[in-house]
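Have a look at run.cif below; it lists mmCIF, C-alpha atoms.
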data_final
#
loop_
_atom_site.label_atom_id
_atom_site.label_comp_id
_atom_site.auth_asym_id
_atom_site.auth_seq_id
_atom_site.Cartn_x
_atom_site.Cartn_y
_atom_site.Cartn_z
CA MET A 229 -95.68 65.09 45.05
CA ASN A 230 -97.81 63.78 47.90
CA ALA A 231 -95.95 61.93 50.66
CA ARG A 232 -96.64 58.22 51.02
CA PRO A 233 -99.04 57.30 53.84
CA ARG A 234 -97.30 56.23 57.03
CA LEU A 235 -97.58 52.89 58.82
CA LEU A 236 -96.24 51.75 62.17
CA MET A 237 -95.56 48.02 62.55
CA LEU A 238 -95.23 46.52 66.04
CA SER A 239 -93.63 43.08 65.91
CA PRO A 240 -92.23 40.52 68.38
CA VAL A 241 -89.52 39.49 65.86
CA VAL A 242 -87.44 41.05 63.12
CA PRO A 243 -89.34 40.27 59.90
CA ALA A 244 -87.57 37.97 57.44
CA GLU A 245 -88.08 36.13 54.15
CA GLY A 246 -87.05 32.76 55.57
CA GLY A 247 -86.01 30.90 58.70
CA HIS A 248 -88.17 31.26 61.82
CA GLY A 249 -91.88 30.85 61.12
CA LEU A 250 -93.09 33.94 62.97
CA ALA A 251 -90.35 36.04 61.36
CA MET A 252 -91.45 34.80 57.93
CA ARG A 253 -95.04 35.76 58.66
CA ALA A 254 -94.04 39.22 59.84
CA GLY A 255 -91.92 39.47 56.70
CA LEU A 256 -94.95 38.74 54.53
CA PHE A 257 -96.84 41.69 56.02
CA LEU A 258 -93.83 44.01 55.95
CA ASN A 259 -93.20 43.24 52.28
CA ALA A 260 -96.87 43.79 51.42
CA TYR A 261 -97.13 47.11 53.26
CA ALA A 262 -93.87 48.39 51.73
CA ARG A 263 -95.67 48.57 48.38
CA MET A 264 -97.56 51.70 49.44
CA PHE A 265 -96.48 52.87 52.92
CA GLU A 266 -93.55 54.59 54.54
CA ILE A 267 -92.96 52.20 57.45
CA ASP A 268 -91.59 52.58 60.96
CA LEU A 269 -90.82 49.22 62.56
CA ALA A 270 -90.72 48.67 66.33
CA VAL A 271 -89.52 45.22 67.41
CA PHE A 272 -90.15 43.87 70.91
CA PRO A 273 -88.20 40.56 70.98
CA LEU A 274 -90.30 38.56 73.45
CA ILE A 275 -89.30 35.17 71.99
CA ALA A 276 -85.98 33.54 71.13
CA ALA A 277 -85.26 34.61 67.57
CA PRO A 278 -82.44 36.44 65.75
CA ILE A 279 -82.65 40.23 66.23
CA LEU A 280 -80.24 41.26 63.49
CA VAL A 281 -81.68 43.94 61.21
CA THR A 282 -81.14 42.52 57.72
CA ASP A 283 -81.07 44.16 54.30
CA PHE A 284 -84.57 42.74 53.74
CA VAL A 285 -85.80 45.03 56.54
CA LYS A 286 -83.58 48.02 55.80
CA MET A 287 -84.83 48.21 52.23
CA ARG A 288 -88.47 48.36 53.35
CA VAL A 289 -88.57 50.65 56.39
CA ALA A 290 -87.86 54.31 57.06
CA ARG A 291 -86.60 53.57 60.56
CA VAL A 292 -86.41 50.60 62.90
CA GLU A 293 -85.84 50.17 66.63
CA ILE A 294 -85.20 47.00 68.68
CA PHE A 295 -86.69 47.37 72.16
CA ASP A 296 -84.70 44.66 73.93
CA ARG A 297 -83.80 44.22 77.63
CA LEU A 298 -87.26 45.30 78.72
CA PRO A 299 -87.91 44.89 82.46
CA LEU A 300 -90.75 42.77 83.78
CA ASP A 301 -93.98 44.50 84.65
CA SER A 302 -93.95 45.09 88.42
CA HIS A 303 -97.01 42.86 88.93
CA PHE A 304 -95.62 40.01 86.85
CA GLN A 305 -92.26 40.43 88.58
CA LEU A 306 -94.01 39.55 91.82
CA VAL A 307 -95.65 36.54 90.15
CA ALA A 308 -92.30 35.27 88.87
CA ALA A 309 -90.68 35.68 92.30
CA ILE A 310 -93.12 33.38 94.11
CA VAL A 311 -91.43 30.08 94.94
CA ASP A 312 -94.44 27.91 95.78
CA PRO A 313 -95.89 26.67 92.45
CA ASP A 314 -99.52 26.69 93.61
CA GLN A 315 -99.23 30.22 94.97
CA ARG A 316 -97.44 31.34 91.80
CA LEU A 317 -100.27 29.91 89.68
CA ALA A 318 -102.86 31.71 91.83
CA ALA A 319 -100.94 34.96 91.42
CA PHE A 320 -100.72 34.42 87.67
CA ARG A 321 -104.49 33.96 87.52
CA ALA A 322 -104.84 37.27 89.36
CA PHE A 323 -102.43 38.89 86.87
CA GLY A 324 -105.10 38.21 84.25
CA ARG A 325 -102.95 38.69 81.15
CA PRO A 326 -100.84 36.30 79.07
CA SER A 327 -97.32 35.83 80.40
CA LEU A 328 -95.93 37.14 77.09
CA THR A 329 -97.23 40.58 78.08
CA GLY A 330 -95.11 40.53 81.24
CA ARG A 331 -92.53 42.85 79.66
CA LEU A 332 -95.02 45.19 77.99
CA GLY A 333 -95.83 47.38 80.99
CA ALA A 334 -95.19 51.06 81.63
CA ALA A 335 -91.47 50.90 80.80
CA ALA A 336 -92.14 49.45 77.34
CA GLN A 337 -94.90 51.98 76.72
CA ASP A 338 -92.62 54.86 77.75
CA ARG A 339 -89.74 53.70 75.55
CA LEU A 340 -92.04 53.28 72.57
CA GLY A 341 -93.60 56.71 73.12
CA HIS A 342 -90.18 58.36 73.37
CA TRP A 343 -89.06 56.74 70.11
CA LEU A 344 -92.28 57.63 68.29
CA GLY A 345 -92.12 61.26 69.34
CA PRO A 346 -94.68 63.42 67.47
CA ALA A 347 -95.01 60.95 64.57
CA ARG A 348 -98.50 60.37 63.25
CA TYR A 349 -99.60 57.30 61.35
CA ASP A 350 -102.35 56.42 58.92
CA VAL A 351 -102.18 52.73 59.84
CA VAL A 352 -100.87 50.83 62.88
CA HIS A 353 -100.25 47.10 62.39
CA VAL A 354 -99.79 44.85 65.43
CA GLU A 355 -98.14 41.46 64.84
CA ARG A 356 -99.75 39.04 67.35
CA LEU A 357 -102.45 39.57 69.93
CA TYR A 358 -100.08 39.69 72.92
CA LEU A 359 -98.56 42.94 71.57
CA ALA A 360 -101.96 44.66 71.63
CA PRO A 361 -101.16 46.51 74.91
CA LEU A 362 -98.57 48.52 72.96
CA ALA A 363 -101.37 49.93 70.79
CA GLN A 364 -103.32 51.17 73.80
CA ARG A 365 -102.80 54.85 72.91
CA TRP A 366 -104.66 54.29 69.61
CA LEU A 367 -107.51 52.12 70.91
CA LEU A 368 -109.99 54.99 70.80
CA PRO A 369 -113.72 54.47 70.29
CA ASP A 370 -113.98 56.94 67.39
CA PRO A 371 -112.35 55.51 64.23
CA ALA A 372 -112.11 58.97 62.68
CA SER A 373 -109.79 60.22 65.45
CA ARG A 374 -107.19 57.43 65.25
CA PRO A 375 -105.15 55.48 62.71
CA ARG A 376 -106.63 52.47 61.00
CA LEU A 377 -105.79 49.53 63.28
CA MET A 378 -104.77 46.14 61.89
CA ILE A 379 -103.75 43.09 63.90
CA ASP A 380 -102.36 39.76 62.78
CA CYS A 381 -103.51 37.23 65.36
CA ASP A 382 -101.92 34.42 63.32
CA ASP A 383 -103.97 31.85 65.25
CA ASP A 384 -106.46 31.56 68.10
CA ASP A 385 -104.01 31.65 71.02
CA ALA A 386 -106.64 30.57 73.52
CA ALA A 387 -107.39 27.40 71.55
CA THR A 388 -103.69 26.70 71.07
CA TYR A 389 -103.01 26.92 74.81
CA GLN A 390 -105.94 24.62 75.51
CA ARG A 391 -104.26 22.04 73.29
CA VAL A 392 -100.97 22.60 75.11
CA ALA A 393 -102.85 21.97 78.36
CA ALA A 394 -104.09 18.68 76.92
CA ILE A 395 -100.48 17.67 76.17
CA GLU A 396 -99.48 18.48 79.74
CA ARG A 397 -102.37 16.43 81.11
CA ARG A 398 -101.41 13.45 78.91
CA SER A 399 -97.87 13.78 80.26
CA GLN A 400 -99.23 13.79 83.83
CA ARG A 401 -98.05 17.33 84.57
CA PRO A 402 -101.17 18.81 86.21
CA ARG A 403 -99.56 22.08 87.31
CA ALA A 404 -98.20 22.77 83.84
CA ALA A 405 -101.64 21.97 82.42
CA ALA A 406 -103.25 24.40 84.85
CA TRP A 407 -100.76 27.10 83.84
CA ALA A 408 -101.53 26.56 80.13
CA GLU A 409 -105.27 26.74 80.87
CA THR A 410 -104.67 30.04 82.67
CA GLU A 411 -102.79 31.32 79.62
CA ALA A 412 -105.74 30.26 77.46
CA ALA A 413 -108.20 32.13 79.70
CA ALA A 414 -105.98 35.23 79.63
CA PHE A 415 -105.79 35.21 75.82
CA ALA A 416 -109.55 34.74 75.55
CA LYS A 417 -110.08 37.72 77.88
CA MET A 418 -107.64 39.87 75.89
CA ALA A 419 -109.36 38.96 72.62
CA ARG A 420 -112.73 40.01 74.05
CA GLN A 421 -111.34 43.30 75.33
CA VAL A 422 -109.15 44.57 72.49
CA LEU A 423 -110.17 42.97 69.19
CA PRO A 424 -113.45 44.92 68.88
CA ARG A 425 -111.31 48.09 68.63
CA PHE A 426 -109.32 46.87 65.62
CA ASP A 427 -110.59 47.58 62.11
CA ARG A 428 -109.32 44.27 60.73
CA ALA A 429 -107.81 41.12 62.16
CA PHE A 430 -105.92 38.46 60.21
CA VAL A 431 -105.59 34.74 60.92
CA ALA A 432 -103.43 32.11 59.23
CA SER A 433 -105.93 29.26 59.24
CA SER A 434 -109.50 29.03 58.02
CA LYS A 435 -110.44 27.12 61.17
CA ASP A 436 -109.74 30.22 63.31
CA ILE A 437 -111.97 32.62 61.40
CA ALA A 438 -115.15 31.63 63.25
CA SER A 439 -113.68 31.86 66.76
CA MET A 440 -111.91 35.18 66.17
CA SER A 441 -114.96 36.65 64.41
CA GLN A 442 -116.75 36.53 67.76
CA HIS A 443 -114.58 39.48 68.84
CA ALA A 444 -113.13 41.29 65.80
CA PRO A 445 -115.49 43.24 63.52
CA SER A 446 -113.65 42.05 60.39
CA VAL A 447 -111.48 38.91 60.12
CA ALA A 448 -109.56 37.96 56.98
CA LEU A 449 -107.58 34.86 56.11
CA VAL A 450 -103.90 35.36 55.31
CA PRO A 451 -102.18 31.97 55.39
CA ASN A 452 -98.48 31.48 55.83
CA VAL A 453 -96.73 31.29 52.47
CA ALA A 454 -94.17 29.06 50.83
CA PRO A 455 -90.50 30.04 51.07
CA ARG A 456 -89.11 31.93 48.10
CA GLY A 457 -86.71 30.38 45.59
CA VAL A 458 -87.40 26.72 46.39
CA THR A 459 -86.92 24.13 43.68
CA ALA A 460 -87.97 20.50 43.91
CA VAL A 461 -85.25 17.86 43.64
CA PRO A 462 -85.93 14.60 41.76
CA ARG A 463 -85.94 11.58 44.08
CA ASN A 464 -83.93 8.45 43.39
CA PRO A 465 -86.35 5.51 43.80
CA ARG A 466 -83.51 2.99 43.48
CA ARG A 467 -81.76 4.20 46.61
CA ARG A 468 -82.15 1.64 49.40
CA ASP A 469 -81.45 3.91 52.35
CA ARG A 470 -84.33 6.27 53.12
CA THR A 471 -84.31 9.52 55.10
CA ILE A 472 -87.26 10.82 57.15
CA LEU A 473 -87.21 14.47 58.20
CA PHE A 474 -88.86 16.47 60.98
CA THR A 475 -88.23 20.22 61.24
CA GLY A 476 -89.38 22.69 63.87
CA THR A 477 -88.37 24.79 66.85
CA MET A 478 -87.88 22.19 69.54
CA GLY A 479 -88.39 24.67 72.37
CA TYR A 480 -92.06 24.84 71.27
CA LEU A 481 -93.92 22.24 73.36
CA PRO A 482 -96.15 20.83 70.55
CA ASN A 483 -93.01 20.13 68.46
CA ASP A 484 -91.22 18.56 71.43
CA GLU A 485 -94.20 16.34 72.22
CA ALA A 486 -94.59 15.35 68.56
CA VAL A 487 -90.96 14.24 68.30
CA ARG A 488 -91.16 12.24 71.53
CA TRP A 489 -94.20 10.40 70.17
CA LEU A 490 -92.43 9.88 66.85
CA VAL A 491 -89.19 8.57 68.37
CA SER A 492 -90.64 6.39 71.13
CA ARG A 493 -93.80 4.99 69.49
CA ILE A 494 -93.62 5.37 65.71
CA TRP A 495 -89.97 4.95 64.80
CA PRO A 496 -89.26 1.46 66.26
CA ARG A 497 -92.31 0.03 64.50
CA LEU A 498 -91.53 1.80 61.23
CA CYS A 499 -88.01 0.35 61.19
CA LYS A 500 -89.53 -3.13 61.42
CA ALA A 501 -92.17 -2.41 58.76
CA VAL A 502 -89.79 -1.12 56.09
CA ARG A 503 -86.93 -3.17 54.67
CA GLY A 504 -83.58 -1.49 54.24
CA PRO A 505 -81.80 1.15 56.31
CA LEU A 506 -83.74 4.17 57.56
CA ARG A 507 -82.54 7.33 59.23
CA LEU A 508 -84.55 9.99 61.02
CA LEU A 509 -83.28 13.59 61.10
CA ILE A 510 -84.71 16.00 63.68
CA VAL A 511 -83.76 19.55 62.76
CA GLY A 512 -84.58 22.62 64.87
CA ARG A 513 -83.14 24.77 67.59
CA ASP A 514 -83.36 24.24 71.36
CA PRO A 515 -83.89 20.47 71.64
CA ALA A 516 -84.17 19.35 75.27
CA ALA A 517 -81.22 17.36 76.64
CA ASP A 518 -83.42 14.41 77.61
CA LEU A 519 -84.92 14.38 74.11
CA VAL A 520 -81.42 14.12 72.64
CA ARG A 521 -80.77 11.15 74.95
CA LEU A 522 -84.10 9.55 74.05
CA ALA A 523 -83.34 9.81 70.32
CA ARG A 524 -79.78 8.48 70.58
CA GLY A 525 -79.10 5.47 68.36
CA GLN A 526 -81.33 3.47 66.02
CA GLY A 527 -80.61 5.74 63.06
CA VAL A 528 -81.96 8.89 64.76
CA ARG A 529 -80.02 12.17 64.74
CA VAL A 530 -81.03 15.32 66.61
CA ILE A 531 -79.22 18.00 64.66
CA GLY A 532 -80.39 21.21 66.34
CA ALA A 533 -80.30 24.62 64.67
CA VAL A 534 -79.00 24.91 61.10
CA PRO A 535 -78.43 28.01 58.95
CA ASP A 536 -80.28 26.53 55.96
CA LEU A 537 -82.92 23.81 55.80
CA ALA A 538 -82.61 23.30 52.05
CA PRO A 539 -79.92 20.53 52.17
CA TYR A 540 -82.05 18.53 54.61
CA TYR A 541 -85.21 18.77 52.53
CA ARG A 542 -83.24 17.83 49.43
CA ALA A 543 -81.89 14.74 51.20
CA ALA A 544 -85.30 13.69 52.55
CA ASP A 545 -87.48 10.92 51.14
CA LEU A 546 -90.33 11.74 53.53
CA ALA A 547 -91.31 14.68 55.73
CA VAL A 548 -93.34 13.87 58.85
CA ILE A 549 -95.55 16.25 60.83
CA PRO A 550 -96.77 14.24 63.86
CA LEU A 551 -98.21 17.27 65.70
CA ARG A 552 -101.01 16.73 68.18
CA ALA A 553 -101.34 20.39 69.23
CA GLY A 554 -100.58 23.85 67.89
CA GLY A 555 -102.25 26.46 65.73
CA GLY A 556 -101.93 28.49 62.53
CA THR A 557 -100.64 27.18 59.21
CA ARG A 558 -97.65 24.85 59.55
CA ILE A 559 -94.78 26.35 57.59
CA LYS A 560 -93.03 22.98 57.77
CA LEU A 561 -95.90 21.56 55.68
CA LEU A 562 -95.55 24.30 53.06
CA GLU A 563 -91.77 23.92 52.97
CA ALA A 564 -91.91 20.16 52.44
CA ALA A 565 -94.50 20.55 49.68
CA ALA A 566 -92.46 23.29 47.98
CA TYR A 567 -89.37 21.07 47.99
CA GLY A 568 -91.37 18.19 46.52
CA VAL A 569 -90.93 15.94 49.55
CA PRO A 570 -93.77 13.46 50.24
CA ILE A 571 -95.62 14.24 53.47
CA VAL A 572 -97.28 12.25 56.25
CA SER A 573 -99.06 14.37 58.86
CA THR A 574 -101.58 14.17 61.64
CA THR A 575 -104.88 15.91 61.05
CA ILE A 576 -103.79 18.74 63.35
CA GLY A 577 -100.53 19.07 61.44
CA ALA A 578 -102.45 19.94 58.26
CA GLU A 579 -105.43 21.59 59.97
CA GLY A 580 -106.77 24.76 58.42
CA THR A 581 -104.96 24.19 55.11
CA THR A 582 -106.26 23.23 51.69
CA PHE A 583 -104.16 20.03 51.56
CA ARG A 584 -106.27 16.90 51.12
CA HIS A 585 -105.77 13.36 52.41
CA ARG A 586 -104.71 10.93 49.67
CA HIS A 587 -104.65 13.75 47.13
CA ASP A 588 -101.68 15.82 48.33
CA LEU A 589 -100.44 13.93 51.40
CA LEU A 590 -101.36 11.15 53.82
CA LEU A 591 -103.03 11.89 57.16
CA ALA A 592 -102.99 9.59 60.19
CA ASP A 593 -103.67 10.21 63.89
CA THR A 594 -103.12 6.79 65.52
CA GLU A 595 -99.83 4.96 65.99
CA ASN A 596 -100.87 2.14 63.65
CA GLY A 597 -102.14 4.56 61.04
CA PHE A 598 -99.03 6.76 61.14
CA VAL A 599 -96.71 3.76 60.78
CA ARG A 600 -98.75 2.43 57.84
CA ALA A 601 -98.83 5.82 56.12
CA CYS A 602 -95.06 6.31 56.46
CA ALA A 603 -94.39 2.77 55.23
CA GLU A 604 -96.63 3.34 52.20
CA MET A 605 -94.78 6.52 51.26
CA LEU A 606 -91.39 4.85 51.67
CA THR A 607 -92.19 1.72 49.68
CA ASP A 608 -94.59 2.89 46.96
CA ASP A 609 -92.44 5.29 44.95
CA LYS A 610 -95.08 6.05 42.33
CA ARG A 611 -97.67 6.88 44.99
CA ALA A 612 -95.21 9.12 46.85
CA ALA A 613 -94.22 10.90 43.63
CA ASP A 614 -97.87 11.52 42.64
CA LEU A 615 -98.78 12.97 46.04
CA SER A 616 -95.68 15.15 46.26
CA ARG A 617 -96.28 16.51 42.75
CA ARG A 618 -99.85 17.49 43.61
CA ALA A 619 -98.76 18.98 46.96
CA ARG A 620 -96.18 21.12 45.21
CA ALA A 621 -98.79 22.33 42.73
CA ARG A 622 -101.13 23.18 45.60
CA VAL A 623 -98.56 25.15 47.56
CA ARG A 624 -97.66 27.13 44.45
CA ARG A 625 -101.35 27.84 43.77
CA ASP A 626 -102.79 28.45 47.26
CA TYR A 627 -99.77 29.72 49.22
CA ASP A 628 -97.96 31.97 46.77
CA ARG A 629 -96.13 34.84 48.49
CA ASP A 630 -96.78 37.46 45.80
CA ARG A 631 -100.47 36.63 45.59
CA TRP A 632 -101.01 37.13 49.32
CA SER A 633 -98.82 40.23 49.42
CA ARG A 634 -101.11 41.79 46.83
CA ARG A 635 -104.18 40.82 48.85
CA ILE A 636 -102.78 42.48 51.98
CA SER A 637 -101.89 45.60 50.00
CA ASP A 638 -105.38 45.76 48.53
CA TRP A 639 -106.98 45.48 51.98
CA ALA A 640 -104.73 48.21 53.33
CA ALA A 641 -105.40 50.51 50.39
CA CYS A 642 -109.15 49.95 50.56
CA GLY A 643 -109.20 50.63 54.27
CA LEU A 644 -107.07 53.74 53.91
CA VAL A 645 -109.38 55.23 51.28
CA THR A 646 -112.38 54.48 53.50
CA ARG A 647 -110.69 56.15 56.46
CA ILE A 648 -109.78 59.27 54.43
CA ASN A 649 -113.35 59.57 53.14
CA ASP A 650 -114.76 59.12 56.67
CA ALA A 651 -112.41 61.77 58.05
CA ALA A 652 -113.47 64.19 55.30
CA THR A 653 -117.13 63.55 56.09
CA HIS A 654 -116.57 64.24 59.81
CA ALA A 655 -114.68 67.45 58.95
CA ARG A 656 -117.55 68.97 56.97
CA PRO A 657 -119.51 71.72 58.76
#

I need this file expressed as structure tokens, please.
Amino acid sequence: MNARPRLLMLSPVVPAEGGHGLAMRAGLFLNAYARMFEIDLAVFPLIAAPILVTDFVKMRVARVEIFDRLPLDSHFQLVAAIVDPDQRLAAFRAFGRPSLTGRLGAAAQDRLGHWLGPARYDVVHVERLYLAPLAQRWLLPDPASRPRLMIDCDDDDAATYQRVAAIERRSQRPRAAAWAETEAAAFAKMARQVLPRFDRAFVASSKDIASMSQHAPSVALVPNVAPRGVTAVPRNPRRRDRTILFTGTMGYLPNDEAVRWLVSRIWPRLCKAVRGPLRLLIVGRDPAADLVRLARGQGVRVIGAVPDLAPYYRAADLAVIPLRAGGGTRIKLLEAAAYGVPIVSTTIGAEGTTFRHRHDLLLADTENGFVRACAEMLTDDKRAADLSRRARARVRRDYDRDRWSRRISDWAACGLVTRINDAATHARP
């Protein structure tokens, strides 16, 4: 019996079926590849996320290694040590790479190489652009002499950081804005340098296909998918008290900024526009202390991290996504739709998805418009029920986990056959 082809997956998080958005996305690819590959998984935990190796991972990989406690690259260590903020920014510009690559220098390369040993792979999958330096040993010009290279960019990081810079400018933090613009420039440079060497790149949003296609020879859409095992809960239109829900990692600046806008500008006006008691639940890890103080009182609760979001979605009468920056496909949008919760979002919050204004959800970008949209959902029960029913149908149709797992598997299989045929052609005398 022929051995299964081998795949190496490089990820910044431990893949998972639920929970953290990036972990869920990595889990989608891991599950898809496990259909046909023997997988080695190397995790470089560059962001705050659980690093426990779960049964979901153990059942799908041959071996896994967590490369934690990585030292800073010597150059970036010097950048981080500079006290003067203007000099530190100048040094970061000279560094020329995204700050997330600061721990992916020689030490990380050496540890990865030692763990890999003599292993050879048919496919190498990189989860996120900032991990591309770890694939340097395979970025060879001749496709026949290297594994097939796949990279999940998720979104256009350069564009996302430009939006973060806009938030910082609105908040009158010019140095922070300049830092975000430098991150954007570094991601754009990295995309130009490394993406042409990858055989296929994936993005989560249709809006990012055009920008990433400028660099990658082949770009495919793989959106985030709905969580597994979600069932909608019937709403009680006779209940007078109404619950509005926001979910998201609060340490992520676009989420933090969205909640501040929601609490300070939208919430007081919404409470006046809607009769009866309202409560606002803000659920997600790492909320800033001053945000907790800002939200105190007036029916607002900052709950922080929770082990399971399901009880909060089931208690919600409305899910709000007041994002004004960010990238990719918002998993919070897919979750709310899957649970059958009516949704009000900004245009950016639903950007790059197939959800349509006044068909599946309501979109609003101004303070007046957002208040009106929320009030409509909270007072017109039939309208809210119609929109939530159509949104749930859309998420089941367009964002089905099994459907996209099959698509990824098909792409991998097609590419592997092409690579084998090309290698055979090159081997002929």

Using all atoms listed in the file, determine which residues lie at most 12 Å from A:Gly255, disregarding the query and same-chain residues fewer than 6 positions distant; provide the list as a PDB file with C-alpha atoms, in the coordinates of the input.
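Contents of around28.pdb, as written:
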ATOM      1  CA  MET A 237     -95.560  48.020  62.550  1.00  0.00           C
ATOM      2  CA  SER A 239     -93.630  43.080  65.910  1.00  0.00           C
ATOM      3  CA  PRO A 240     -92.230  40.520  68.380  1.00  0.00           C
ATOM      4  CA  VAL A 241     -89.520  39.490  65.860  1.00  0.00           C
ATOM      5  CA  VAL A 242     -87.440  41.050  63.120  1.00  0.00           C
ATOM      6  CA  PRO A 243     -89.340  40.270  59.900  1.00  0.00           C
ATOM      7  CA  ALA A 244     -87.570  37.970  57.440  1.00  0.00           C
ATOM      8  CA  GLU A 245     -88.080  36.130  54.150  1.00  0.00           C
ATOM      9  CA  GLY A 246     -87.050  32.760  55.570  1.00  0.00           C
ATOM     10  CA  GLY A 247     -86.010  30.900  58.700  1.00  0.00           C
ATOM     11  CA  HIS A 248     -88.170  31.260  61.820  1.00  0.00           C
ATOM     12  CA  GLY A 249     -91.880  30.850  61.120  1.00  0.00           C
ATOM     13  CA  TYR A 261     -97.130  47.110  53.260  1.00  0.00           C
ATOM     14  CA  ALA A 262     -93.870  48.390  51.730  1.00  0.00           C
ATOM     15  CA  LEU A 269     -90.820  49.220  62.560  1.00  0.00           C
ATOM     16  CA  THR A 282     -81.140  42.520  57.720  1.00  0.00           C
ATOM     17  CA  PHE A 284     -84.570  42.740  53.740  1.00  0.00           C
ATOM     18  CA  VAL A 285     -85.800  45.030  56.540  1.00  0.00           C
ATOM     19  CA  LYS A 286     -83.580  48.020  55.800  1.00  0.00           C
ATOM     20  CA  ARG A 288     -88.470  48.360  53.350  1.00  0.00           C
ATOM     21  CA  VAL A 289     -88.570  50.650  56.390  1.00  0.00           C
ATOM     22  CA  GLU A 355     -98.140  41.460  64.840  1.00  0.00           C
ATOM     23  CA  ASN A 452     -98.480  31.480  55.830  1.00  0.00           C
ATOM     24  CA  VAL A 453     -96.730  31.290  52.470  1.00  0.00           C
ATOM     25  CA  PRO A 455     -90.500  30.040  51.070  1.00  0.00           C
ATOM     26  CA  ARG A 456     -89.110  31.930  48.100  1.00  0.00           C
ATOM     27  CA  ARG A 629     -96.130  34.840  48.490  1.00  0.00           C
ATOM     28  CA  TRP A 632    -101.010  37.130  49.320  1.00  0.00           C
ATOM     29  CA  SER A 633     -98.820  40.230  49.420  1.00  0.00           C
TER      30      SER A 633
END

Neighbour list for A:Val491 as a count of residues only, cut-off 9 Å, all atoms listed in the file, skip fewer than 2 positions in-chain: 12

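Interatomic distance, atom CA of A:Ile531 to atom CA of A:Thr574: 22.9 Å.
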
Answer key for the PyMOL selection byres ((chain A and resi 409) around 9), residues as a list in words: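 What the PyMOL selection byres ((chain A and resi 409) around 9) grabs from the file is Ala386, Tyr389, Gln390, Arg391, Val392, Ala393, Ala404, Ala405, Ala406, Trp407, Ala408, Thr410, Glu411, Ala412, Ala413 and Ala414 of chain A.
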
Resolved residues for the PyMOL selection byres ((chain A and resi 567) around 9) as a list in words: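 Checking the PyMOL selection byres ((chain A and resi 567) around 9) against this file, the residues are Val458, Thr459, Ala460, Val461, Ala538, Tyr541, Arg542, Leu562, Glu563, Ala564, Ala565, Ala566, Gly568, Val569, Ser616 and Arg620 of chain A.
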
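Picture a line from atom CA of A:Asp383 to atom CA of A:Arg631; it runs 20.5 Å.
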
Just add N, CA and C atoms to stretch 424-436 of chain A and send it as an mmCIF file, keeping the file's coordinate frame.
data_model
loop_
_atom_site.group_PDB
_atom_site.id
_atom_site.type_symbol
_atom_site.label_atom_id
_atom_site.label_comp_id
_atom_site.auth_asym_id
_atom_site.auth_seq_id
_atom_site.Cartn_x
_atom_site.Cartn_y
_atom_site.Cartn_z
ATOM 1 N N PRO A 424 -112.378 44.073 69.438
ATOM 2 C CA PRO A 424 -113.450 44.920 68.880
ATOM 3 C C PRO A 424 -112.974 46.310 68.461
ATOM 4 N N ARG A 425 -111.811 46.763 68.975
ATOM 5 C CA ARG A 425 -111.310 48.090 68.630
ATOM 6 C C ARG A 425 -110.481 48.105 67.347
ATOM 7 N N PHE A 426 -110.129 46.937 66.834
ATOM 8 C CA PHE A 426 -109.320 46.870 65.620
ATOM 9 C C PHE A 426 -110.227 46.829 64.391
ATOM 10 N N ASP A 427 -109.797 47.516 63.332
ATOM 11 C CA ASP A 427 -110.590 47.580 62.110
ATOM 12 C C ASP A 427 -110.556 46.270 61.327
ATOM 13 N N ARG A 428 -109.414 45.563 61.412
ATOM 14 C CA ARG A 428 -109.320 44.270 60.730
ATOM 15 C C ARG A 428 -108.326 43.390 61.470
ATOM 16 N N ALA A 429 -108.699 42.123 61.589
ATOM 17 C CA ALA A 429 -107.810 41.120 62.160
ATOM 18 C C ALA A 429 -107.525 40.065 61.101
ATOM 19 N N PHE A 430 -106.325 39.507 61.144
ATOM 20 C CA PHE A 430 -105.920 38.460 60.210
ATOM 21 C C PHE A 430 -105.623 37.181 60.981
ATOM 22 N N VAL A 431 -105.937 36.053 60.373
ATOM 23 C CA VAL A 431 -105.590 34.740 60.920
ATOM 24 C C VAL A 431 -104.967 33.914 59.809
ATOM 25 N N ALA A 432 -104.160 32.915 60.206
ATOM 26 C CA ALA A 432 -103.430 32.110 59.230
ATOM 27 C C ALA A 432 -104.204 30.884 58.774
ATOM 28 N N SER A 433 -105.224 30.502 59.526
ATOM 29 C CA SER A 433 -105.930 29.260 59.240
ATOM 30 C C SER A 433 -107.424 29.511 59.142
ATOM 31 N N SER A 434 -108.058 28.864 58.189
ATOM 32 C CA SER A 434 -109.500 29.030 58.020
ATOM 33 C C SER A 434 -110.279 28.572 59.240
ATOM 34 N N LYS A 435 -109.720 27.631 60.005
ATOM 35 C CA LYS A 435 -110.440 27.120 61.170
ATOM 36 C C LYS A 435 -110.577 28.177 62.264
ATOM 37 N N ASP A 436 -109.719 29.207 62.249
ATOM 38 C CA ASP A 436 -109.740 30.220 63.310
ATOM 39 C C ASP A 436 -110.637 31.407 62.985
#
